[in-house]
Amino acid sequence: MPHSSSLIDLLEEVEVHKSSLIRVTGPSGLPAVLWLCRHGYEQVGYLRADQRGPHEPADAVLVAHTCDEAGLTRVLAAGPLVRAGGVLIVQTQQIAANDGDPIRDRLEQAGYEIVRRLVGCRREVHVALRRASAFQKAA
């Protein structure tokens, strides 16, 4: 994931504010929850990657581990829900250019539009907004 000031800037850029409802998932999720709380984010909670939870859809879901395509598919199918217009932030392994972009394809199939991609150190961070029409289909 991006460094602390970069992550705060990234969250602000996609309109995730200190009062936004944020869900964190993944094996590194608990340290991420603590980090967000220490930086003033007020409504942060942890859910397992296979747990929808009884809660309302989140303004943002942060996947706090490096996902492969299968892991991303599991999170999208059974993990925390993102509200229409909300954001999903997920880190993946960097994919060779000749392999297409299965992560983008999987996100688009699930109703997300990638609005930002940060590349570095053999990893990519995808920032994707949930389209309203896709949320209605999933509901």
# chains A, B, ... in the order shown; residues from 1 in each chain; ligands from 1
>>> residues_around(residues="stretch 123-126 of chain A", least_positions_apart="5", cutoff="12 Å", atoms="only C-alpha atoms", output="number ranges by chain")
A: 1-3, 6-7, 10, 61-68, 72, 87-96, 101, 103-104, 106-108, 112-118
>>> select_by_dssp(residues="chain A", states="alpha helix (DSSP H)", output="ChimeraX atom specification")
/A:4-13,29-38,69-78,102-109,132-138
>>> write_last_selection(atoms="C-alpha atoms", output="PDB file, in the first residue's frame")
ATOM      1  CA  SER A   4       0.973   7.073   5.106  1.00  0.00           C
ATOM      2  CA  SER A   5       0.825  10.602   3.660  1.00  0.00           C
ATOM      3  CA  SER A   6       0.256   9.119   0.196  1.00  0.00           C
ATOM      4  CA  LEU A   7      -2.601   6.961   1.483  1.00  0.00           C
ATOM      5  CA  ILE A   8      -4.254   9.939   3.175  1.00  0.00           C
ATOM      6  CA  ASP A   9      -3.887  11.966  -0.037  1.00  0.00           C
ATOM      7  CA  LEU A  10      -5.280   9.077  -2.079  1.00  0.00           C
ATOM      8  CA  LEU A  11      -8.290   8.688   0.225  1.00  0.00           C
ATOM      9  CA  GLU A  12      -8.992  12.424   0.064  1.00  0.00           C
ATOM     10  CA  GLU A  13      -8.666  12.361  -3.734  1.00  0.00           C
ATOM     11  CA  GLY A  29      -6.465  -5.736   8.070  1.00  0.00           C
ATOM     12  CA  LEU A  30      -6.172  -5.226  11.811  1.00  0.00           C
ATOM     13  CA  PRO A  31      -2.960  -3.135  11.620  1.00  0.00           C
ATOM     14  CA  ALA A  32      -4.613  -1.134   8.804  1.00  0.00           C
ATOM     15  CA  VAL A  33      -7.687  -0.504  10.999  1.00  0.00           C
ATOM     16  CA  LEU A  34      -5.471   0.716  13.833  1.00  0.00           C
ATOM     17  CA  TRP A  35      -3.508   2.953  11.445  1.00  0.00           C
ATOM     18  CA  LEU A  36      -6.703   4.524  10.074  1.00  0.00           C
ATOM     19  CA  CYS A  37      -8.064   5.088  13.598  1.00  0.00           C
ATOM     20  CA  ARG A  38      -4.787   6.701  14.722  1.00  0.00           C
ATOM     21  CA  GLU A  69      -7.084 -12.808  -9.343  1.00  0.00           C
ATOM     22  CA  ALA A  70      -8.707 -15.668  -7.386  1.00  0.00           C
ATOM     23  CA  GLY A  71      -8.444 -13.745  -4.094  1.00  0.00           C
ATOM     24  CA  LEU A  72      -9.985 -10.670  -5.666  1.00  0.00           C
ATOM     25  CA  THR A  73     -12.816 -12.794  -7.050  1.00  0.00           C
ATOM     26  CA  ARG A  74     -13.540 -14.132  -3.536  1.00  0.00           C
ATOM     27  CA  VAL A  75     -13.538 -10.632  -2.031  1.00  0.00           C
ATOM     28  CA  LEU A  76     -15.868  -9.338  -4.748  1.00  0.00           C
ATOM     29  CA  ALA A  77     -18.239 -12.302  -4.396  1.00  0.00           C
ATOM     30  CA  ALA A  78     -18.454 -12.651  -0.623  1.00  0.00           C
ATOM     31  CA  PRO A 102      -7.384  -9.747 -15.610  1.00  0.00           C
ATOM     32  CA  ILE A 103      -7.671  -7.554 -12.499  1.00  0.00           C
ATOM     33  CA  ARG A 104      -9.252  -4.710 -14.476  1.00  0.00           C
ATOM     34  CA  ASP A 105     -11.507  -7.221 -16.226  1.00  0.00           C
ATOM     35  CA  ARG A 106     -12.617  -8.763 -12.914  1.00  0.00           C
ATOM     36  CA  LEU A 107     -13.294  -5.331 -11.380  1.00  0.00           C
ATOM     37  CA  GLU A 108     -15.283  -4.192 -14.426  1.00  0.00           C
ATOM     38  CA  GLN A 109     -17.338  -7.414 -14.386  1.00  0.00           C
ATOM     39  CA  ALA A 132     -24.584   2.682  -9.423  1.00  0.00           C
ATOM     40  CA  SER A 133     -26.094   0.318 -12.009  1.00  0.00           C
ATOM     41  CA  ALA A 134     -23.831  -2.543 -10.884  1.00  0.00           C
ATOM     42  CA  PHE A 135     -24.838  -2.075  -7.242  1.00  0.00           C
ATOM     43  CA  GLN A 136     -28.514  -2.377  -8.140  1.00  0.00           C
ATOM     44  CA  LYS A 137     -27.808  -5.670  -9.987  1.00  0.00           C
ATOM     45  CA  ALA A 138     -25.903  -7.077  -6.994  1.00  0.00           C
TER      46      ALA A 138
END
>>> atom_distance(atom1="atom CA of A:Tyr41", atom2="atom CA of A:His17")
7.4 Å
>>> select_by_dssp(residues="chain A", states="strand (DSSP E)", output="number ranges by chain")
A: 21-25, 43-46, 58-67, 82-93, 112-120, 123-130
>>> write_last_selection(atoms="N, CA and C atoms", output="short mmCIF file (atom, residue, chain, number, x, y, z; two decimals), in the first residue's frame")
data_model
loop_
_atom_site.label_atom_id
_atom_site.label_comp_id
_atom_site.auth_asym_id
_atom_site.auth_seq_id
_atom_site.Cartn_x
_atom_site.Cartn_y
_atom_site.Cartn_z
N LEU A 21 -17.58 5.77 6.13
CA LEU A 21 -17.68 4.41 6.62
C LEU A 21 -16.69 3.55 5.84
N ILE A 22 -15.66 3.05 6.53
CA ILE A 22 -14.57 2.31 5.89
C ILE A 22 -14.53 0.91 6.46
N ARG A 23 -14.44 -0.10 5.58
CA ARG A 23 -14.25 -1.47 5.98
C ARG A 23 -12.90 -1.93 5.44
N VAL A 24 -12.18 -2.65 6.27
CA VAL A 24 -10.87 -3.18 5.91
C VAL A 24 -10.97 -4.70 5.97
N THR A 25 -10.34 -5.37 5.03
CA THR A 25 -10.37 -6.83 5.00
C THR A 25 -8.99 -7.36 4.65
N GLN A 43 -15.05 5.93 11.47
CA GLN A 43 -15.96 4.79 11.29
C GLN A 43 -15.26 3.67 10.53
N VAL A 44 -14.29 3.06 11.17
CA VAL A 44 -13.48 2.03 10.54
C VAL A 44 -13.78 0.70 11.20
N GLY A 45 -13.93 -0.34 10.41
CA GLY A 45 -14.16 -1.67 10.96
C GLY A 45 -13.49 -2.73 10.11
N TYR A 46 -13.27 -3.87 10.72
CA TYR A 46 -12.63 -5.00 10.04
C TYR A 46 -13.67 -6.08 9.75
N ALA A 58 -20.27 -0.02 2.63
CA ALA A 58 -19.26 0.95 3.04
C ALA A 58 -19.03 2.02 1.97
N ASP A 59 -18.54 3.17 2.42
CA ASP A 59 -18.08 4.21 1.50
C ASP A 59 -16.78 3.77 0.84
N ALA A 60 -16.00 2.97 1.57
CA ALA A 60 -14.72 2.49 1.05
C ALA A 60 -14.40 1.13 1.65
N VAL A 61 -13.84 0.25 0.83
CA VAL A 61 -13.29 -1.02 1.30
C VAL A 61 -11.84 -1.05 0.90
N LEU A 62 -10.99 -1.30 1.89
CA LEU A 62 -9.55 -1.38 1.69
C LEU A 62 -9.15 -2.84 1.89
N VAL A 63 -8.61 -3.46 0.85
CA VAL A 63 -8.14 -4.84 0.93
C VAL A 63 -6.68 -4.77 1.33
N ALA A 64 -6.40 -5.16 2.58
CA ALA A 64 -5.08 -4.95 3.18
C ALA A 64 -4.17 -6.17 3.03
N HIS A 65 -4.05 -6.64 1.82
CA HIS A 65 -3.07 -7.67 1.47
C HIS A 65 -2.97 -7.71 -0.05
N THR A 66 -1.95 -8.33 -0.54
CA THR A 66 -1.78 -8.44 -1.99
C THR A 66 -2.67 -9.57 -2.50
N CYS A 67 -3.61 -9.23 -3.37
CA CYS A 67 -4.56 -10.20 -3.93
C CYS A 67 -4.07 -10.71 -5.28
N VAL A 82 -19.45 -2.45 -1.11
CA VAL A 82 -19.16 -1.03 -1.33
C VAL A 82 -20.43 -0.39 -1.89
N ARG A 83 -20.82 0.73 -1.32
CA ARG A 83 -22.03 1.43 -1.80
C ARG A 83 -21.81 1.93 -3.22
N ALA A 84 -22.90 2.23 -3.91
CA ALA A 84 -22.82 2.84 -5.23
C ALA A 84 -22.08 4.17 -5.10
N GLY A 85 -21.08 4.38 -5.92
CA GLY A 85 -20.26 5.58 -5.85
C GLY A 85 -19.12 5.47 -4.86
N GLY A 86 -19.07 4.37 -4.09
CA GLY A 86 -17.99 4.14 -3.13
C GLY A 86 -16.75 3.61 -3.82
N VAL A 87 -15.71 3.39 -3.03
CA VAL A 87 -14.42 3.04 -3.60
C VAL A 87 -13.88 1.74 -3.00
N LEU A 88 -13.24 0.96 -3.85
CA LEU A 88 -12.52 -0.25 -3.46
C LEU A 88 -11.05 0.00 -3.76
N ILE A 89 -10.19 -0.25 -2.77
CA ILE A 89 -8.75 -0.10 -2.97
C ILE A 89 -8.13 -1.46 -2.73
N VAL A 90 -7.46 -1.98 -3.75
CA VAL A 90 -6.90 -3.33 -3.67
C VAL A 90 -5.50 -3.35 -4.28
N GLN A 91 -4.61 -4.07 -3.64
CA GLN A 91 -3.23 -4.21 -4.13
C GLN A 91 -3.08 -5.60 -4.76
N THR A 92 -2.42 -5.64 -5.93
CA THR A 92 -2.20 -6.90 -6.63
C THR A 92 -0.75 -7.00 -7.06
N GLN A 93 -0.35 -8.20 -7.47
CA GLN A 93 0.95 -8.36 -8.10
C GLN A 93 0.91 -7.63 -9.44
N TYR A 112 -17.18 -2.17 -11.20
CA TYR A 112 -16.26 -1.12 -10.78
C TYR A 112 -15.58 -0.50 -11.98
N GLU A 113 -15.19 0.76 -11.82
CA GLU A 113 -14.41 1.47 -12.83
C GLU A 113 -13.10 1.91 -12.16
N ILE A 114 -11.99 1.47 -12.71
CA ILE A 114 -10.70 1.86 -12.15
C ILE A 114 -10.46 3.34 -12.47
N VAL A 115 -10.23 4.13 -11.41
CA VAL A 115 -10.01 5.56 -11.58
C VAL A 115 -8.55 5.94 -11.33
N ARG A 116 -7.82 5.02 -10.72
CA ARG A 116 -6.40 5.30 -10.44
C ARG A 116 -5.68 3.98 -10.31
N ARG A 117 -4.45 3.95 -10.80
CA ARG A 117 -3.61 2.77 -10.66
C ARG A 117 -2.21 3.24 -10.31
N LEU A 118 -1.70 2.79 -9.19
CA LEU A 118 -0.35 3.14 -8.76
C LEU A 118 0.53 1.92 -8.95
N VAL A 119 1.64 2.08 -9.64
CA VAL A 119 2.52 0.97 -9.95
C VAL A 119 3.86 1.19 -9.29
N GLY A 120 4.38 0.13 -8.68
CA GLY A 120 5.71 0.23 -8.09
C GLY A 120 6.08 -1.03 -7.34
N ARG A 123 4.21 -4.37 -7.53
CA ARG A 123 2.83 -4.35 -7.04
C ARG A 123 2.07 -3.22 -7.73
N GLU A 124 0.77 -3.37 -7.78
CA GLU A 124 -0.11 -2.33 -8.30
C GLU A 124 -1.23 -2.10 -7.29
N VAL A 125 -1.56 -0.86 -7.07
CA VAL A 125 -2.71 -0.51 -6.24
C VAL A 125 -3.78 0.01 -7.19
N HIS A 126 -4.93 -0.66 -7.15
CA HIS A 126 -6.06 -0.28 -7.99
C HIS A 126 -7.08 0.45 -7.13
N VAL A 127 -7.50 1.60 -7.59
CA VAL A 127 -8.54 2.37 -6.92
C VAL A 127 -9.73 2.36 -7.87
N ALA A 128 -10.82 1.75 -7.42
CA ALA A 128 -11.97 1.55 -8.31
C ALA A 128 -13.25 2.07 -7.67
N LEU A 129 -14.05 2.78 -8.45
CA LEU A 129 -15.35 3.30 -7.99
C LEU A 129 -16.45 2.33 -8.39
N ARG A 130 -17.41 2.12 -7.50
CA ARG A 130 -18.54 1.24 -7.76
C ARG A 130 -19.59 2.00 -8.55
#
>>> residues_around(residues="A:Gly79", least_positions_apart="6", cutoff="8 Å", atoms="only C-alpha atoms", output="list in words")
Thr25, Leu47, Arg48, Ala49, Asp50, Gln51 and Arg52 of chain A
>>> decode(residues="chain A", atoms="C-alpha atoms", output="compact mmCIF listing (two decimals), in the first residue's frame")
# COMPACT_ATOMS: atom_id res chain seq x y z
CA MET A 1 0.00 0.00 0.00
CA PRO A 2 1.13 3.62 -0.41
CA HIS A 3 3.04 5.37 2.39
CA SER A 4 0.97 7.07 5.11
CA SER A 5 0.83 10.60 3.66
CA SER A 6 0.26 9.12 0.20
CA LEU A 7 -2.60 6.96 1.48
CA ILE A 8 -4.25 9.94 3.17
CA ASP A 9 -3.89 11.97 -0.04
CA LEU A 10 -5.28 9.08 -2.08
CA LEU A 11 -8.29 8.69 0.23
CA GLU A 12 -8.99 12.42 0.06
CA GLU A 13 -8.67 12.36 -3.73
CA VAL A 14 -11.46 9.78 -4.00
CA GLU A 15 -13.54 11.61 -1.39
CA VAL A 16 -13.06 9.19 1.48
CA HIS A 17 -13.13 11.47 4.50
CA LYS A 18 -12.44 11.06 8.22
CA SER A 19 -16.19 10.49 8.76
CA SER A 20 -16.61 7.98 5.90
CA LEU A 21 -17.68 4.41 6.62
CA ILE A 22 -14.57 2.31 5.89
CA ARG A 23 -14.25 -1.47 5.98
CA VAL A 24 -10.87 -3.18 5.91
CA THR A 25 -10.37 -6.83 5.00
CA GLY A 26 -7.51 -9.25 4.62
CA PRO A 27 -4.74 -10.76 6.76
CA SER A 28 -3.12 -7.35 7.33
CA GLY A 29 -6.47 -5.74 8.07
CA LEU A 30 -6.17 -5.23 11.81
CA PRO A 31 -2.96 -3.14 11.62
CA ALA A 32 -4.61 -1.13 8.80
CA VAL A 33 -7.69 -0.50 11.00
CA LEU A 34 -5.47 0.72 13.83
CA TRP A 35 -3.51 2.95 11.45
CA LEU A 36 -6.70 4.52 10.07
CA CYS A 37 -8.06 5.09 13.60
CA ARG A 38 -4.79 6.70 14.72
CA HIS A 39 -5.04 9.07 11.75
CA GLY A 40 -8.51 10.26 12.72
CA TYR A 41 -10.80 8.06 10.62
CA GLU A 42 -13.92 7.66 12.76
CA GLN A 43 -15.96 4.79 11.29
CA VAL A 44 -13.48 2.03 10.54
CA GLY A 45 -14.16 -1.67 10.96
CA TYR A 46 -12.63 -5.00 10.04
CA LEU A 47 -14.42 -7.81 8.20
CA ARG A 48 -12.99 -11.10 6.98
CA ALA A 49 -12.57 -11.36 3.20
CA ASP A 50 -15.49 -13.82 3.07
CA GLN A 51 -17.79 -11.81 5.34
CA ARG A 52 -20.45 -9.44 4.08
CA GLY A 53 -21.49 -8.44 7.56
CA PRO A 54 -24.86 -7.15 8.75
CA HIS A 55 -23.74 -3.59 8.12
CA GLU A 56 -24.72 -1.11 5.46
CA PRO A 57 -22.47 -0.96 2.39
CA ALA A 58 -19.26 0.95 3.04
CA ASP A 59 -18.08 4.21 1.50
CA ALA A 60 -14.72 2.49 1.05
CA VAL A 61 -13.29 -1.02 1.30
CA LEU A 62 -9.55 -1.38 1.69
CA VAL A 63 -8.14 -4.84 0.93
CA ALA A 64 -5.08 -4.95 3.18
CA HIS A 65 -3.07 -7.67 1.47
CA THR A 66 -1.78 -8.44 -1.99
CA CYS A 67 -4.56 -10.20 -3.93
CA ASP A 68 -4.20 -12.48 -6.88
CA GLU A 69 -7.08 -12.81 -9.34
CA ALA A 70 -8.71 -15.67 -7.39
CA GLY A 71 -8.44 -13.74 -4.09
CA LEU A 72 -9.99 -10.67 -5.67
CA THR A 73 -12.82 -12.79 -7.05
CA ARG A 74 -13.54 -14.13 -3.54
CA VAL A 75 -13.54 -10.63 -2.03
CA LEU A 76 -15.87 -9.34 -4.75
CA ALA A 77 -18.24 -12.30 -4.40
CA ALA A 78 -18.45 -12.65 -0.62
CA GLY A 79 -16.54 -9.80 1.01
CA PRO A 80 -17.64 -6.42 2.36
CA LEU A 81 -19.98 -4.46 0.09
CA VAL A 82 -19.16 -1.03 -1.33
CA ARG A 83 -22.03 1.43 -1.80
CA ALA A 84 -22.82 2.84 -5.23
CA GLY A 85 -20.26 5.58 -5.85
CA GLY A 86 -17.99 4.14 -3.13
CA VAL A 87 -14.42 3.04 -3.60
CA LEU A 88 -12.52 -0.25 -3.46
CA ILE A 89 -8.75 -0.10 -2.97
CA VAL A 90 -6.90 -3.33 -3.67
CA GLN A 91 -3.23 -4.21 -4.13
CA THR A 92 -2.20 -6.90 -6.63
CA GLN A 93 0.95 -8.36 -8.10
CA GLN A 94 2.12 -6.44 -11.16
CA ILE A 95 1.01 -8.28 -14.31
CA ALA A 96 3.14 -8.59 -17.43
CA ALA A 97 1.86 -6.42 -20.27
CA ASN A 98 1.34 -9.41 -22.58
CA ASP A 99 -0.98 -11.12 -20.03
CA GLY A 100 -3.82 -8.64 -20.58
CA ASP A 101 -5.34 -7.10 -17.45
CA PRO A 102 -7.38 -9.75 -15.61
CA ILE A 103 -7.67 -7.55 -12.50
CA ARG A 104 -9.25 -4.71 -14.48
CA ASP A 105 -11.51 -7.22 -16.23
CA ARG A 106 -12.62 -8.76 -12.91
CA LEU A 107 -13.29 -5.33 -11.38
CA GLU A 108 -15.28 -4.19 -14.43
CA GLN A 109 -17.34 -7.41 -14.39
CA ALA A 110 -18.18 -6.71 -10.75
CA GLY A 111 -19.35 -3.17 -11.58
CA TYR A 112 -16.26 -1.12 -10.78
CA GLU A 113 -14.41 1.47 -12.83
CA ILE A 114 -10.70 1.86 -12.15
CA VAL A 115 -10.01 5.56 -11.58
CA ARG A 116 -6.40 5.30 -10.44
CA ARG A 117 -3.61 2.77 -10.66
CA LEU A 118 -0.35 3.14 -8.76
CA VAL A 119 2.52 0.97 -9.95
CA GLY A 120 5.71 0.23 -8.09
CA CYS A 121 7.91 -2.45 -6.57
CA ARG A 122 6.23 -5.35 -8.45
CA ARG A 123 2.83 -4.35 -7.04
CA GLU A 124 -0.11 -2.33 -8.30
CA VAL A 125 -2.71 -0.51 -6.24
CA HIS A 126 -6.06 -0.28 -7.99
CA VAL A 127 -8.54 2.37 -6.92
CA ALA A 128 -11.97 1.55 -8.31
CA LEU A 129 -15.35 3.30 -7.99
CA ARG A 130 -18.54 1.24 -7.76
CA ARG A 131 -20.99 2.10 -10.54
CA ALA A 132 -24.58 2.68 -9.42
CA SER A 133 -26.09 0.32 -12.01
CA ALA A 134 -23.83 -2.54 -10.88
CA PHE A 135 -24.84 -2.07 -7.24
CA GLN A 136 -28.51 -2.38 -8.14
CA LYS A 137 -27.81 -5.67 -9.99
CA ALA A 138 -25.90 -7.08 -6.99
CA ALA A 139 -28.64 -6.14 -4.50
